[in-house]
Number of protein chains: 2
Amino acid sequence: MTAMTGLPSVERVVSLFVRFPGVGRKSAQRMIHHLLRQGPEEMDQLIRSLEALRRNVRACRVCFNLAEAELCRICADPKREPDVICVLEEAADLMAIERAGLYRGLYHVLGGRLSPLDGMGPEELHLDALERRLREGQVREVVVATNPTVEGEATAHYVAQLAQPLVAKVTRLAYGLPMGGELEYLDESTLYQALAGRRDY
Amino acid sequence: MTAMTGLPSVERVVSLFVRFPGVGRKSAQRMIHHLLRQGPEEMDQLIRSLEALRRNVRACRVCFNLAEAELCRICADPKREPDVICVLEEAADLMAIERAGLYRGLYHVLGGRLSPLDGMGPEELHLDALERRLREGQVREVVVATNPTVEGEATAHYVAQLAQPLVAKVTRLAYGLPMGGELEYLDESTLYQALAGRRDY
């Protein structure tokens, strides 16, 4: 884009926008053209909203979910069941679980997954804090809900090993057929999991 | 997302991000999670780059292309041919034409297309400025390069009518088969244009 516009200010924003997941050079340019077309008021709104995001949003002191106070909305809610903790990689995963609407316990956001090649070891995740929470003795069940990827599985294994001596029950999300999917188009490993985990009618 | 996080600062950024073309609620949330994961330095960089964009980038005084000075890079370049002007809807279209690498003339960015239903009449576009440029008498050819849509065509027609009395030649981009496309999958109107505009071998 430098070659195209010769404008360092535009090129700089492009270089930061392309760091967003799923945003390529062309989308970044389209986003900037949108901003410039909307004019300075729209740009001010965006700048101010990002400043507020930077200022107000932090990690929950207990579970590392997004929060605007010491505790996140879920840790601060007395109606949540305090004896179940669902362990996740990221706060985005937490929102996905909340959307499902079934879970009423608490959470623990690890802040990533084990990935030695990317320099993510156990010390980089919020595992110490998880262990401290479990040692307090009030937790009955840990639900491991890392992503069904190689690294997510490795992380799940690590979390399970850490939790097993400290709580009565360690569970993980069920693997199987996604709702609305068709058998014909499913990959072998999902079908393998669906068969291996089959249940009585 | 408010229901999910209860965080007004997050919700506010989501509501502004979804205004970007091609960005839905889920992508906006993913972008914000990316920002929060990267931490305050990354967010400061983004805020500062948007401030610089707001401060430095303006419309070229002559052609309304993006510029960081009175004149855009193209209007300021003495090697561009001053007797051909390519008329476009948006600065983003200009970059697309520049990428093609063939065109060596100047540009005129209209800042939109005629669209009465959206309140876009001739006065909303930079048509007065175009007429003034053409009346100076140095322009030999106007290349109309609005988008091949109903509104783009209406705009092209208006521009052609305005330019015809003032310049020797008014042309428009060729319509036809897109390179790499397959006839079988092309829409009728493109094939119609390709047939109607067929050329001798």
# chains A, B, ... in the order shown; residues from 1 in each chain; ligands from 1

call {"tool": "closest_atom_pairs", "arguments": {"of": "region 1-52 of chain A", "to": "region 41-62 of chain B", "cutoff": "7 Å", "atoms": "only C-alpha atoms", "output": "CSV"}}
result
residue,atom,partner,partner_atom,distance
A:Ser9,CA,B:Leu53,CA,5.1
A:Val10,CA,B:Leu53,CA,6.2
A:Arg12,CA,B:Ser49,CA,6.3
A:Val13,CA,B:Ser49,CA,5.6
A:Leu16,CA,B:Leu46,CA,6.4
A:Pro40,CA,B:Arg54,CA,6.3
A:Met43,CA,B:Arg54,CA,6.7
A:Ile47,CA,B:Ile47,CA,5.8
A:Leu50,CA,B:Ile47,CA,6.8

call {"tool": "select_by_dssp", "arguments": {"residues": "chain A", "states": "strand (DSSP E)", "output": "list in words"}}
result
Arg58, Ala59, Leu66, Ala67, Glu81, Pro82, Asp83, Val84, Ile85, Cys86, Val87, Leu88, Gly105, Leu106, Tyr107, His108, Val109, Glu141, Val142, Val143, Val144, Lys169, Val170, Thr171 and Arg172 of chain A

call {"tool": "write_last_selection", "arguments": {"atoms": "C-alpha atoms", "output": "CSV table (one decimal), in the first residue's frame"}}
result
chain,number,residue,atom,x,y,z
A,58,ARG,CA,-8.7,-5.9,32.7
A,59,ALA,CA,-8.5,-9.6,33.7
A,66,LEU,CA,-12.6,-10.0,31.0
A,67,ALA,CA,-13.7,-7.5,33.7
A,81,GLU,CA,-22.4,-22.5,41.5
A,82,PRO,CA,-19.1,-22.0,43.3
A,83,ASP,CA,-18.2,-25.7,43.3
A,84,VAL,CA,-17.7,-26.3,39.6
A,85,ILE,CA,-14.9,-24.6,37.5
A,86,CYS,CA,-14.8,-24.8,33.8
A,87,VAL,CA,-11.2,-24.4,32.5
A,88,LEU,CA,-10.8,-22.7,29.1
A,105,GLY,CA,-20.7,-22.8,37.4
A,106,LEU,CA,-17.5,-20.6,37.5
A,107,TYR,CA,-14.7,-20.4,35.0
A,108,HIS,CA,-10.9,-20.3,34.8
A,109,VAL,CA,-9.3,-18.7,31.7
A,141,GLU,CA,-15.7,-30.7,39.8
A,142,VAL,CA,-13.3,-29.3,37.1
A,143,VAL,CA,-14.7,-29.3,33.6
A,144,VAL,CA,-11.9,-29.2,31.1
A,169,LYS,CA,-14.3,-35.1,39.7
A,170,VAL,CA,-12.5,-34.0,36.5
A,171,THR,CA,-14.6,-34.1,33.3
A,172,ARG,CA,-14.2,-32.8,29.8

call {"tool": "select_by_dssp", "arguments": {"residues": "chain A", "states": "helix (DSSP H, G or I)", "output": "ChimeraX atom specification"}}
result
/A:2-5,8-17,25-38,40-56,91-100,116-118,122-124,127-135,150-163,183-185,188-196

call {"tool": "atom_distance", "arguments": {"atom1": "CA of Leu110 (chain B)", "atom2": "CA of Leu127 (chain B)"}}
result
6.7 Å

call {"tool": "residues_around", "arguments": {"residues": "region 146-163 of chain A", "least_positions_apart": "2", "cutoff": "6 Å", "atoms": "only C-alpha atoms", "output": "PyMOL selection string"}}
result
chain A and resi 88-89+113-114+165-166

call {"tool": "closest_residue", "arguments": {"among": "A:Pro116, A:Gly24, A:Gly39, A:Pro178", "to": "chain B", "atoms": "only C-alpha atoms"}}
result
A:Gly39

call {"tool": "atom_distance", "arguments": {"atom1": "CA of Arg140 (chain A)", "atom2": "CA of Gln164 (chain A)"}}
result
10.6 Å

call {"tool": "residues_around", "arguments": {"residues": "Tyr175 (chain A)", "least_positions_apart": "3", "cutoff": "10 Å", "atoms": "only C-alpha atoms", "output": "number ranges by chain"}}
result
A: 148, 172, 178, 189-198
